[in-house]
$ cat run07.csv   # CSV, C-alpha atoms
chain,number,residue,atom,x,y,z
A,1,MET,CA,0.0,0.0,0.0
A,2,ALA,CA,2.7,2.5,1.0
A,3,ILE,CA,4.8,1.6,-2.0
A,4,LYS,CA,1.8,2.1,-4.4
A,5,PHE,CA,1.1,5.4,-2.7
A,6,LEU,CA,4.7,6.6,-3.2
A,7,HIS,CA,4.7,5.3,-6.8
A,8,ASP,CA,1.5,7.2,-7.6
A,9,PHE,CA,2.5,10.4,-5.7
A,10,PHE,CA,5.9,10.7,-7.4
A,11,GLY,CA,5.0,9.0,-10.7
A,12,LYS,CA,4.7,11.1,-13.8
A,13,GLU,CA,1.4,12.5,-14.9
A,14,GLU,CA,0.3,14.3,-18.1
A,15,ARG,CA,2.2,17.6,-18.3
A,16,LYS,CA,0.1,20.8,-17.9
A,17,TYR,CA,1.9,24.0,-18.7
A,18,LYS,CA,-1.0,26.3,-17.8
A,19,LEU,CA,-0.9,28.4,-14.6
A,20,LEU,CA,-3.0,27.1,-11.8
A,21,SER,CA,-5.8,29.3,-10.6
A,22,VAL,CA,-4.0,29.9,-7.3
A,23,GLU,CA,-0.9,31.0,-9.2
A,24,LYS,CA,-3.0,33.5,-11.2
A,25,LEU,CA,-4.5,34.7,-7.9
A,26,ASN,CA,-1.0,35.3,-6.5
A,27,LEU,CA,0.1,37.2,-9.6
A,28,LEU,CA,-3.1,39.4,-9.4
A,29,TYR,CA,-2.5,40.1,-5.7
A,30,ASN,CA,1.1,40.9,-6.4
A,31,LEU,CA,0.1,43.3,-9.1
A,32,ILE,CA,-2.6,45.0,-7.1
A,33,THR,CA,-0.3,45.6,-4.1
A,34,THR,CA,2.5,46.8,-6.4
A,35,LEU,CA,0.1,49.4,-7.7
A,36,PHE,CA,-0.7,50.4,-4.1
A,37,ILE,CA,3.0,50.8,-3.4
A,38,ILE,CA,3.4,53.1,-6.5
A,39,VAL,CA,0.4,55.2,-5.5
A,40,LEU,CA,1.6,55.5,-1.8
A,41,PHE,CA,5.3,55.5,-2.6
A,42,GLY,CA,6.1,58.8,-0.8
A,43,SER,CA,4.2,57.7,2.4
A,44,LEU,CA,5.6,54.2,2.9
A,45,ASN,CA,8.6,53.5,5.1
A,46,ASP,CA,10.5,51.3,2.7
A,47,PRO,CA,8.8,51.1,-0.7
A,48,GLN,CA,11.9,50.0,-2.5
A,49,LYS,CA,12.2,46.9,-0.4
A,50,MET,CA,8.5,46.1,-0.8
A,51,LEU,CA,8.9,46.3,-4.6
A,52,THR,CA,12.1,44.2,-4.5
A,53,ASP,CA,10.3,41.6,-2.4
A,54,ARG,CA,7.5,41.4,-4.9
A,55,PHE,CA,9.9,40.9,-7.8
A,56,PHE,CA,11.5,38.0,-6.0
A,57,ILE,CA,8.1,36.6,-5.1
A,58,LEU,CA,7.3,36.8,-8.8
A,59,LEU,CA,10.4,34.8,-9.6
A,60,LEU,CA,9.7,32.3,-6.9
A,61,THR,CA,6.2,31.7,-8.2
A,62,PHE,CA,7.7,30.3,-11.4
A,63,VAL,CA,10.3,28.1,-9.8
A,64,PRO,CA,7.9,25.2,-8.8
A,65,ILE,CA,6.1,25.7,-12.2
A,66,TYR,CA,9.5,25.1,-13.9
A,67,ILE,CA,10.1,22.0,-11.7
A,68,TYR,CA,6.7,20.7,-12.7
A,69,THR,CA,7.3,21.2,-16.4
A,70,ARG,CA,10.5,19.2,-16.1
A,71,TYR,CA,9.0,16.5,-14.0
A,72,PRO,CA,5.2,16.6,-14.0
A,73,SER,CA,3.8,14.5,-11.1
A,74,PRO,CA,1.3,14.8,-8.3
A,75,ALA,CA,4.2,15.6,-6.0
A,76,THR,CA,5.4,18.6,-8.1
A,77,ARG,CA,1.8,19.7,-8.7
A,78,PHE,CA,1.3,19.7,-4.9
A,79,LEU,CA,4.5,21.7,-4.6
A,80,ARG,CA,3.0,24.4,-6.8
A,81,MET,CA,0.0,24.8,-4.5
A,82,ALA,CA,2.0,24.5,-1.3
A,83,GLY,CA,4.3,27.2,-2.6
A,84,GLN,CA,1.4,29.6,-2.9
A,85,LEU,CA,0.2,28.8,0.7
A,86,SER,CA,3.8,29.4,2.0
A,87,LEU,CA,3.8,32.9,0.6
A,88,LEU,CA,1.0,33.9,3.0
A,89,SER,CA,3.7,34.1,5.7
A,90,TYR,CA,5.1,37.1,3.9
A,91,TRP,CA,1.8,38.7,2.8
A,92,TYR,CA,0.4,38.9,6.4
A,93,PRO,CA,3.1,41.2,8.0
A,94,ASP,CA,3.3,43.1,4.7
A,95,THR,CA,-0.2,44.5,5.5
A,96,PHE,CA,1.3,46.4,8.4
A,97,GLU,CA,3.6,48.3,6.0
A,98,PHE,CA,0.6,49.8,4.4
A,99,ASN,CA,-1.7,50.5,7.4
A,100,ARG,CA,1.0,51.9,9.6
A,101,ILE,CA,0.8,55.1,7.6
A,102,PHE,CA,-2.9,55.6,8.6
A,103,THR,CA,-4.4,56.8,11.9
A,104,ASN,CA,-5.0,53.9,14.3
A,105,LEU,CA,-8.7,53.0,15.0
A,106,ASP,CA,-8.4,50.8,18.0
A,107,HIS,CA,-10.1,53.4,20.2
A,108,LEU,CA,-13.3,53.0,18.2
A,109,PHE,CA,-13.3,49.2,18.3
A,110,ALA,CA,-12.6,49.1,22.1
A,111,GLN,CA,-15.5,51.4,22.5
A,112,PHE,CA,-17.7,49.2,20.3
A,113,ASP,CA,-17.0,46.2,22.6
A,114,LEU,CA,-17.7,48.3,25.7
A,115,SER,CA,-21.0,49.7,24.3
A,116,LEU,CA,-22.2,46.4,23.0
A,117,PHE,CA,-21.3,44.1,25.9
A,118,GLY,CA,-21.1,46.5,28.9
A,119,CYS,CA,-17.6,45.4,29.6
A,120,GLN,CA,-14.3,44.8,27.8
A,121,PRO,CA,-14.6,41.1,26.9
A,122,ALA,CA,-10.9,40.7,26.0
A,123,LEU,CA,-10.1,41.8,29.6
A,124,VAL,CA,-12.9,40.0,31.5
A,125,PHE,CA,-12.6,36.6,29.7
A,126,ASP,CA,-9.0,36.1,30.9
A,127,GLN,CA,-9.9,37.2,34.4
A,128,VAL,CA,-12.9,34.9,34.8
A,129,LEU,CA,-11.3,31.8,33.3
A,130,SER,CA,-7.8,32.1,34.6
A,131,SER,CA,-6.8,28.5,35.4
A,132,PHE,CA,-3.8,26.9,33.9
A,133,TRP,CA,-5.7,24.2,32.0
A,134,VAL,CA,-8.3,26.6,30.6
A,135,ARG,CA,-5.4,28.8,29.3
A,136,GLU,CA,-3.7,25.8,27.8
A,137,ALA,CA,-6.9,24.6,26.1
A,138,PHE,CA,-7.5,27.9,24.5
A,139,ASN,CA,-3.9,28.2,23.4
A,140,LEU,CA,-4.1,24.7,21.9
A,141,GLY,CA,-7.1,25.9,19.9
A,142,TYR,CA,-5.2,29.0,18.7
A,143,PHE,CA,-2.1,27.0,17.9
A,144,ALA,CA,-4.2,24.5,15.9
A,145,TYR,CA,-4.8,27.2,13.2
A,146,TYR,CA,-2.0,26.2,10.9
A,147,PRO,CA,-2.4,22.5,11.4
A,148,MET,CA,-6.1,22.9,10.5
A,149,ILE,CA,-5.1,24.6,7.2
A,150,ALA,CA,-2.6,21.8,6.5
A,151,THR,CA,-5.2,19.1,7.3
A,152,ILE,CA,-7.8,20.4,5.0
A,153,VAL,CA,-5.3,20.9,2.1
A,154,PHE,CA,-3.8,17.4,2.6
A,155,TYR,CA,-7.2,15.8,2.9
A,156,TYR,CA,-8.4,17.3,-0.4
A,157,PHE,CA,-5.2,16.5,-2.2
A,158,PHE,CA,-5.2,12.8,-1.2
A,159,ALA,CA,-9.0,12.1,-0.7
A,160,ARG,CA,-10.7,14.6,-3.2
A,161,ASN,CA,-7.9,15.4,-5.6
A,162,ASN,CA,-10.3,16.6,-8.3
A,163,GLU,CA,-11.3,19.4,-5.9
A,164,VAL,CA,-7.9,20.3,-4.3
A,165,GLU,CA,-7.4,23.3,-6.6
A,166,ARG,CA,-10.8,24.6,-5.7
A,167,CYS,CA,-10.0,24.1,-2.0
A,168,THR,CA,-6.7,26.0,-2.2
A,169,PHE,CA,-8.2,28.8,-4.4
A,170,ILE,CA,-11.0,29.3,-1.7
A,171,LEU,CA,-8.4,29.4,1.1
A,172,ILE,CA,-5.9,31.7,-0.6
A,173,GLY,CA,-8.5,33.9,-2.1
A,174,SER,CA,-10.1,34.4,1.3
A,175,PHE,CA,-6.7,35.2,2.8
A,176,TYR,CA,-6.1,37.9,0.1
A,177,ILE,CA,-9.5,39.5,0.7
A,178,PHE,CA,-8.7,39.8,4.4
A,179,TYR,CA,-5.3,41.2,3.7
A,180,LEU,CA,-6.7,43.9,1.4
A,181,ILE,CA,-9.0,45.0,4.2
A,182,TYR,CA,-6.2,45.1,6.7
A,183,MET,CA,-4.0,47.3,4.5
A,184,PHE,CA,-6.5,50.2,4.9
A,185,LEU,CA,-8.2,49.4,8.2
A,186,PRO,CA,-5.5,50.0,10.9
A,187,VAL,CA,-6.8,48.1,14.0
A,188,ALA,CA,-4.1,46.3,16.0
A,189,GLY,CA,-6.2,44.6,18.7
A,190,PRO,CA,-6.3,44.6,22.5
A,191,GLN,CA,-2.9,42.9,23.0
A,192,PHE,CA,-1.2,45.9,21.3
A,193,TYR,CA,-3.6,48.8,22.2
A,194,PHE,CA,-4.2,48.1,25.9
A,195,PRO,CA,-0.5,48.2,27.0
A,196,VAL,CA,0.0,51.7,25.5
A,197,ILE,CA,-3.0,53.5,27.0
A,198,ASP,CA,-3.5,54.5,30.7
A,199,PRO,CA,-4.1,51.3,32.6
A,200,SER,CA,-7.0,52.9,34.5
A,201,LEU,CA,-8.9,53.4,31.1
A,202,VAL,CA,-8.6,49.8,29.9
A,203,ALA,CA,-11.7,48.4,31.6
A,204,ALA,CA,-14.2,51.2,31.0
A,205,GLY,CA,-12.6,53.9,28.9
A,206,PRO,CA,-12.8,56.5,27.6
A,207,TYR,CA,-10.4,55.1,25.0
A,208,PRO,CA,-7.9,57.6,23.6
A,209,GLU,CA,-6.7,57.9,20.1
A,210,ILE,CA,-3.1,56.9,19.6
A,211,TYR,CA,-2.8,58.2,16.0
A,212,ASN,CA,0.3,56.8,14.3
A,213,TYR,CA,1.8,55.3,17.5
A,214,PHE,CA,2.5,51.9,15.9
A,215,ASP,CA,4.3,53.4,13.0
A,216,LEU,CA,6.9,54.5,15.5
A,217,HIS,CA,6.6,51.5,17.8
A,218,PRO,CA,6.0,48.3,15.8
A,219,GLU,CA,8.2,46.4,18.2
A,220,ILE,CA,5.8,46.6,21.1
A,221,SER,CA,5.9,43.4,23.2
A,222,ILE,CA,2.8,41.1,23.6
A,223,ALA,CA,2.4,38.6,26.4
A,224,GLN,CA,-0.4,36.7,28.1
A,225,ALA,CA,-1.1,37.2,31.8
A,226,GLY,CA,-0.6,34.3,34.1
A,227,GLU,CA,1.5,31.2,33.9
A,228,GLY,CA,1.2,28.9,30.9
A,229,GLY,CA,2.3,25.6,29.6
A,230,LEU,CA,3.5,24.2,26.3
A,231,PHE,CA,0.8,25.6,24.0
A,232,THR,CA,0.8,29.0,25.7
A,233,HIS,CA,4.6,29.2,25.1
A,234,LEU,CA,4.2,28.0,21.5
A,235,VAL,CA,1.6,30.6,20.8
A,236,GLY,CA,3.8,33.3,22.4
A,237,MET,CA,6.8,32.2,20.3
A,238,ALA,CA,4.7,32.3,17.1
A,239,GLN,CA,3.4,35.8,18.0
A,240,ALA,CA,6.9,37.1,18.9
A,241,SER,CA,8.3,35.9,15.5
A,242,GLY,CA,5.5,36.9,13.1
A,243,GLU,CA,2.9,39.1,14.8
A,244,ARG,CA,2.5,42.8,13.9
A,245,PRO,CA,0.1,45.5,15.2
A,246,THR,CA,-2.3,44.9,12.3
A,247,ALA,CA,-5.1,42.6,11.1
A,248,ALA,CA,-7.5,42.8,14.1
A,249,PHE,CA,-10.8,43.5,12.3
A,250,PRO,CA,-12.2,41.2,11.1
A,251,SER,CA,-10.5,38.2,12.7
A,252,SER,CA,-8.8,36.2,9.8
A,253,HIS,CA,-8.0,33.4,12.3
A,254,ILE,CA,-11.8,32.9,12.8
A,255,GLY,CA,-12.6,33.8,9.2
A,256,ILE,CA,-10.2,31.3,7.7
A,257,SER,CA,-11.1,28.7,10.3
A,258,THR,CA,-14.8,29.2,9.3
A,259,VAL,CA,-13.8,28.7,5.7
A,260,ILE,CA,-11.9,25.5,6.7
A,261,MET,CA,-15.0,24.2,8.5
A,262,LEU,CA,-17.2,24.8,5.4
A,263,LEU,CA,-14.6,23.0,3.2
A,264,ALA,CA,-14.6,20.1,5.7
A,265,LEU,CA,-18.4,19.9,5.7
A,266,ARG,CA,-18.3,19.7,1.9
A,267,ALA,CA,-15.6,17.0,2.0
A,268,LYS,CA,-16.7,14.7,4.9
A,269,LYS,CA,-18.8,15.3,7.9
A,270,GLY,CA,-16.5,13.2,10.0
A,271,LEU,CA,-13.6,15.5,9.2
A,272,ALA,CA,-15.7,18.5,10.2
A,273,LEU,CA,-16.6,16.8,13.5
A,274,THR,CA,-12.9,16.1,14.2
A,275,LEU,CA,-12.0,19.8,13.5
A,276,ALA,CA,-15.0,21.3,15.4
A,277,PRO,CA,-13.5,21.2,18.9
A,278,PHE,CA,-10.4,23.0,17.7
A,279,TYR,CA,-12.5,25.5,15.8
A,280,VAL,CA,-14.5,26.4,18.9
A,281,LEU,CA,-11.4,26.7,21.1
A,282,LEU,CA,-9.8,28.9,18.4
A,283,CYS,CA,-12.8,31.2,18.2
A,284,CYS,CA,-12.7,31.6,22.0
A,285,ALA,CA,-8.9,32.0,22.1
A,286,THR,CA,-8.8,34.9,19.8
A,287,VAL,CA,-10.5,37.1,22.4
A,288,TYR,CA,-9.0,35.2,25.4
A,289,ILE,CA,-5.4,35.9,24.5
A,290,LYS,CA,-6.4,39.5,23.6
A,291,ALA,CA,-5.5,39.2,19.9
A,292,HIS,CA,-9.0,40.5,19.0
A,293,TYR,CA,-12.0,42.4,20.3
A,294,LEU,CA,-15.2,40.4,20.5
A,295,VAL,CA,-16.6,42.4,17.6
A,296,ASP,CA,-13.7,41.2,15.5
A,297,ALA,CA,-14.6,37.6,16.4
A,298,PHE,CA,-18.2,37.9,15.3
A,299,ALA,CA,-17.1,39.7,12.1
A,300,GLY,CA,-14.7,36.9,11.5
A,301,VAL,CA,-17.5,34.3,11.4
A,302,ILE,CA,-19.6,36.5,9.1
A,303,THR,CA,-16.8,37.4,6.7
A,304,GLY,CA,-15.6,33.7,6.7
A,305,VAL,CA,-19.0,32.6,5.3
A,306,LEU,CA,-19.2,35.5,2.9
A,307,PHE,CA,-15.6,35.0,1.5
A,308,TYR,CA,-16.1,31.3,1.2
A,309,THR,CA,-19.3,31.9,-0.8
A,310,LEU,CA,-17.6,34.5,-3.0
A,311,THR,CA,-14.4,32.7,-3.7
A,312,ALA,CA,-16.2,29.4,-4.4
A,313,TRP,CA,-18.5,31.2,-6.8
A,314,ILE,CA,-15.5,32.9,-8.6
A,315,PHE,CA,-13.7,29.6,-8.9
A,316,ASP,CA,-16.8,27.7,-10.2
A,317,ARG,CA,-17.5,30.4,-12.7
A,318,TYR,CA,-13.9,30.5,-13.8
A,319,MET,CA,-13.8,26.7,-14.4
A,320,ALA,CA,-17.1,26.8,-16.2
A,321,GLU,CA,-15.9,29.5,-18.6
A,322,LYS,CA,-12.6,27.6,-19.0
A,323,SER,CA,-14.3,24.4,-20.0
A,324,ALA,CA,-16.9,26.1,-22.3

$ encode --input "run07.csv" --output "structure tokens"
Amino acid sequence: MAIKFLHDFFGKEERKYKLLSVEKLNLLYNLITTLFIIVLFGSLNDPQKMLTDRFFILLLTFVPIYIYTRYPSPATRFLRMAGQLSLLSYWYPDTFEFNRIFTNLDHLFAQFDLSLFGCQPALVFDQVLSSFWVREAFNLGYFAYYPMIATIVFYYFFARNNEVERCTFILIGSFYIFYLIYMFLPVAGPQFYFPVIDPSLVAAGPYPEIYNYFDLHPEISIAQAGEGGLFTHLVGMAQASGERPTAAFPSSHIGISTVIMLLALRAKKGLALTLAPFYVLLCCATVYIKAHYLVDAFAGVITGVLFYTLTAWIFDRYMAEKSA
């Protein structure tokens, strides 16, 4: 069985020179953000580097395509899709390079939470549920974000191969829509905003404007209160290495996880049931660890459903026109 799997996975398949839909999506996003850089050139901190990065991303996009044309196989085709997913690790912090030039809006979203819920949920949640094991459970859910992405992509590739391109298109397309929003909606989230305002104002306001504070202080430290275990430390390490004061509203963690759950429901109910506990923990964790305001979390669920519907419709229409 294992030998047959390896033979099929690395065995040659009919060569296809055309760009995959996810590769076209990457080229389009690269072009759109390049145009943004040109328009905002005088306001950005390091537009030359951003343009250089995009040039190298353009080159890197064609490396796996070249490998595939030399040795077409399921393995090298998977490499092409995996390469597009890996680029998301660059595109996320890149959003901060755009929104850091705009006036921060955290004071408005903190006030939204207070007005809607009568308290600051990101503050109260951690205080009410402060035990070691609760903290670990929520951080496990938050840490499960990337394994959930990998799980759904691998499942589609090996169990529903005829739909794997659709799956990756929906995932990456949803990510790009979130990123386009983040570029021009500068909300950093409680973990960044609360430490820089007067501590006496955190619980009940009034919440002051901090204008372009994060443009000058992007290095602000983020840490969870209380002692944590393995998953608390893993989440802390991940945040320290890749987090930026950006991308709070709407929550892409919840939005993309919602997209994953919809993809899982389409693929197999058992898969969706397996992922469901991690999804629930992740949704709670985004507010618990103060990465998001509660309004961000609700918006994440709504936009996740909307972006799934939109990207699925675009892909299905694209494939219908392609086969016509």

$ closest_atom_pairs --input "run07.csv" --of "region 45-161 of chain A" --to "region 271-282 of chain A" --cutoff "7 Å" --atoms "all atoms listed in the file" --output "tab-separated table"
residue	atom	partner	partner_atom	distance
A:Phe138	CA	A:Leu281	CA	5.3
A:Gly141	CA	A:Leu282	CA	4.3
A:Tyr142	CA	A:Leu282	CA	4.6
A:Ala144	CA	A:Phe278	CA	6.6

$ write_last_selection --input "run07.csv" --atoms "C-alpha atoms" --output "compact mmCIF listing (two decimals), keeping the file's coordinate frame"
# COMPACT_ATOMS: atom_id res chain seq x y z
CA PHE A 138 -7.50 27.90 24.50
CA GLY A 141 -7.10 25.90 19.90
CA TYR A 142 -5.20 29.00 18.70
CA ALA A 144 -4.20 24.50 15.90

$ residues_around --input "run07.csv" --residues "Met183 (chain A)" --least-positions-apart "4" --cutoff "6 Å" --atoms "all atoms listed in the file" --output "list in words"
Thr95, Phe98 and Asn99 of chain A

$ closest_atom_pairs --input "run07.csv" --of "region 96-145 of chain A" --to "region 244-263 of chain A" --cutoff "9 Å" --atoms "only C-alpha atoms" --output "tab-separated table"
residue	atom	partner	partner_atom	distance
A:Phe96	CA	A:Thr246	CA	5.5
A:Asn99	CA	A:Thr246	CA	7.5
A:Arg100	CA	A:Thr246	CA	8.2
A:Asp106	CA	A:Ala248	CA	8.9
A:Phe109	CA	A:Phe249	CA	8.6
A:Tyr142	CA	A:His253	CA	8.3
A:Tyr145	CA	A:His253	CA	7.0

$ residues_around --input "run07.csv" --residues "region 113-121 of chain A" --least-positions-apart "3" --cutoff "8 Å" --atoms "all atoms listed in the file" --output "list in words"
Phe109, Ala110, Val124, Phe125, Val202, Ala203, Ala204, Val287, Tyr293, Leu294 and Val295 of chain A

$ closest_residue --input "run07.csv" --among "A:Ala188, A:Leu35, A:Leu40, A:Ala137" --to "Val235 (chain A)" --atoms "all atoms listed in the file"
A:Ala137

$ atom_distance --input "run07.csv" --atom1 "CA of Ser174 (chain A)" --atom2 "CA of Phe194 (chain A)"
28.8 Å

$ closest_residue --input "run07.csv" --among "A:Phe36, A:Phe55, A:Tyr193, A:Tyr207" --to "Ile220 (chain A)" --atoms "only C-alpha atoms"
A:Tyr193

$ residues_around --input "run07.csv" --residues "Leu25 (chain A)" --least-positions-apart "6" --cutoff "10 Å" --atoms "only C-alpha atoms" --output "list of chain:residue names"
A:Leu19, A:Leu31, A:Gln84, A:Phe169, A:Ile172, A:Gly173, A:Tyr176

$ closest_residue --input "run07.csv" --among "A:Gln239, A:His233, A:Asp46, A:Phe192" --to "His217 (chain A)" --atoms "only C-alpha atoms"
A:Phe192

$ atom_distance --input "run07.csv" --atom1 "CA of Leu201 (chain A)" --atom2 "CA of Gly189 (chain A)"
15.4 Å

$ residues_around --input "run07.csv" --residues "Ala312 (chain A)" --least-positions-apart "3" --cutoff "10 Å" --atoms "all atoms listed in the file" --output "JSON, numbers by chain"
{"A": [166, 167, 169, 170, 171, 173, 174, 306, 307, 308, 309, 315, 316, 317, 318]}

$ atom_distance --input "run07.csv" --atom1 "CA of Ile152 (chain A)" --atom2 "CA of Ala264 (chain A)"
6.8 Å

$ closest_residue --input "run07.csv" --among "A:Gly242, A:Glu23, A:Thr103, A:Ser130" --to "Leu185 (chain A)" --atoms "only C-alpha atoms"
A:Thr103

$ closest_residue --input "run07.csv" --among "A:Gly42, A:Glu13, A:Val128, A:Leu60" --to "Ala75 (chain A)" --atoms "all atoms listed in the file"
A:Glu13

$ closest_residue --input "run07.csv" --among "A:Phe78, A:Tyr90, A:Phe178, A:Phe132" --to "Tyr156 (chain A)" --atoms "only C-alpha atoms"
A:Phe78

$ decode --input "run07.csv" --residues "region 164-186 of chain A" --atoms "N, CA and C atoms" --output "CSV table (one decimal), in the first residue's frame"
chain,number,residue,atom,x,y,z
A,164,VAL,N,-9.0,19.7,-5.2
A,164,VAL,CA,-7.9,20.3,-4.3
A,164,VAL,C,-7.6,21.7,-4.8
A,165,GLU,N,-7.6,22.0,-6.1
A,165,GLU,CA,-7.4,23.3,-6.6
A,165,GLU,C,-8.4,24.3,-6.2
A,166,ARG,N,-9.7,23.8,-6.2
A,166,ARG,CA,-10.8,24.6,-5.7
A,166,ARG,C,-10.6,25.0,-4.2
A,167,CYS,N,-10.2,24.0,-3.5
A,167,CYS,CA,-10.0,24.1,-2.0
A,167,CYS,C,-8.9,25.2,-1.8
A,168,THR,N,-7.8,25.1,-2.4
A,168,THR,CA,-6.7,26.0,-2.2
A,168,THR,C,-7.0,27.4,-2.8
A,169,PHE,N,-7.8,27.5,-3.8
A,169,PHE,CA,-8.2,28.8,-4.4
A,169,PHE,C,-9.1,29.5,-3.3
A,170,ILE,N,-10.1,28.8,-2.7
A,170,ILE,CA,-11.0,29.3,-1.7
A,170,ILE,C,-10.2,29.8,-0.5
A,171,LEU,N,-9.2,29.0,-0.1
A,171,LEU,CA,-8.4,29.4,1.1
A,171,LEU,C,-7.6,30.6,0.8
A,172,ILE,N,-6.8,30.6,-0.3
A,172,ILE,CA,-5.9,31.7,-0.6
A,172,ILE,C,-6.7,32.9,-1.0
A,173,GLY,N,-7.7,32.8,-1.7
A,173,GLY,CA,-8.5,33.9,-2.1
A,173,GLY,C,-9.1,34.6,-0.9
A,174,SER,N,-9.6,33.8,0.1
A,174,SER,CA,-10.1,34.4,1.3
A,174,SER,C,-9.1,35.1,2.1
A,175,PHE,N,-7.9,34.6,2.2
A,175,PHE,CA,-6.7,35.2,2.8
A,175,PHE,C,-6.5,36.6,2.2
A,176,TYR,N,-6.4,36.6,0.9
A,176,TYR,CA,-6.1,37.9,0.1
A,176,TYR,C,-7.2,38.9,0.4
A,177,ILE,N,-8.4,38.5,0.5
A,177,ILE,CA,-9.5,39.5,0.7
A,177,ILE,C,-9.3,40.1,2.1
A,178,PHE,N,-9.0,39.3,3.1
A,178,PHE,CA,-8.7,39.8,4.4
A,178,PHE,C,-7.5,40.7,4.4
A,179,TYR,N,-6.5,40.4,3.7
A,179,TYR,CA,-5.3,41.2,3.7
A,179,TYR,C,-5.5,42.6,3.0
A,180,LEU,N,-6.3,42.6,2.0
A,180,LEU,CA,-6.7,43.9,1.4
A,180,LEU,C,-7.4,44.8,2.3
A,181,ILE,N,-8.3,44.2,3.2
A,181,ILE,CA,-9.0,45.0,4.2
A,181,ILE,C,-8.0,45.5,5.2
A,182,TYR,N,-7.1,44.7,5.7
A,182,TYR,CA,-6.2,45.1,6.7
A,182,TYR,C,-5.2,46.2,6.3
A,183,MET,N,-4.9,46.3,5.0
A,183,MET,CA,-4.0,47.3,4.5
A,183,MET,C,-4.6,48.7,4.8
A,184,PHE,N,-5.9,48.9,4.8
A,184,PHE,CA,-6.5,50.2,4.9
A,184,PHE,C,-7.4,50.3,6.1
A,185,LEU,N,-7.4,49.3,7.0
A,185,LEU,CA,-8.2,49.4,8.2
A,185,LEU,C,-7.2,49.1,9.4
A,186,PRO,N,-6.6,50.1,9.9
A,186,PRO,CA,-5.5,50.0,10.9
A,186,PRO,C,-6.1,49.7,12.3
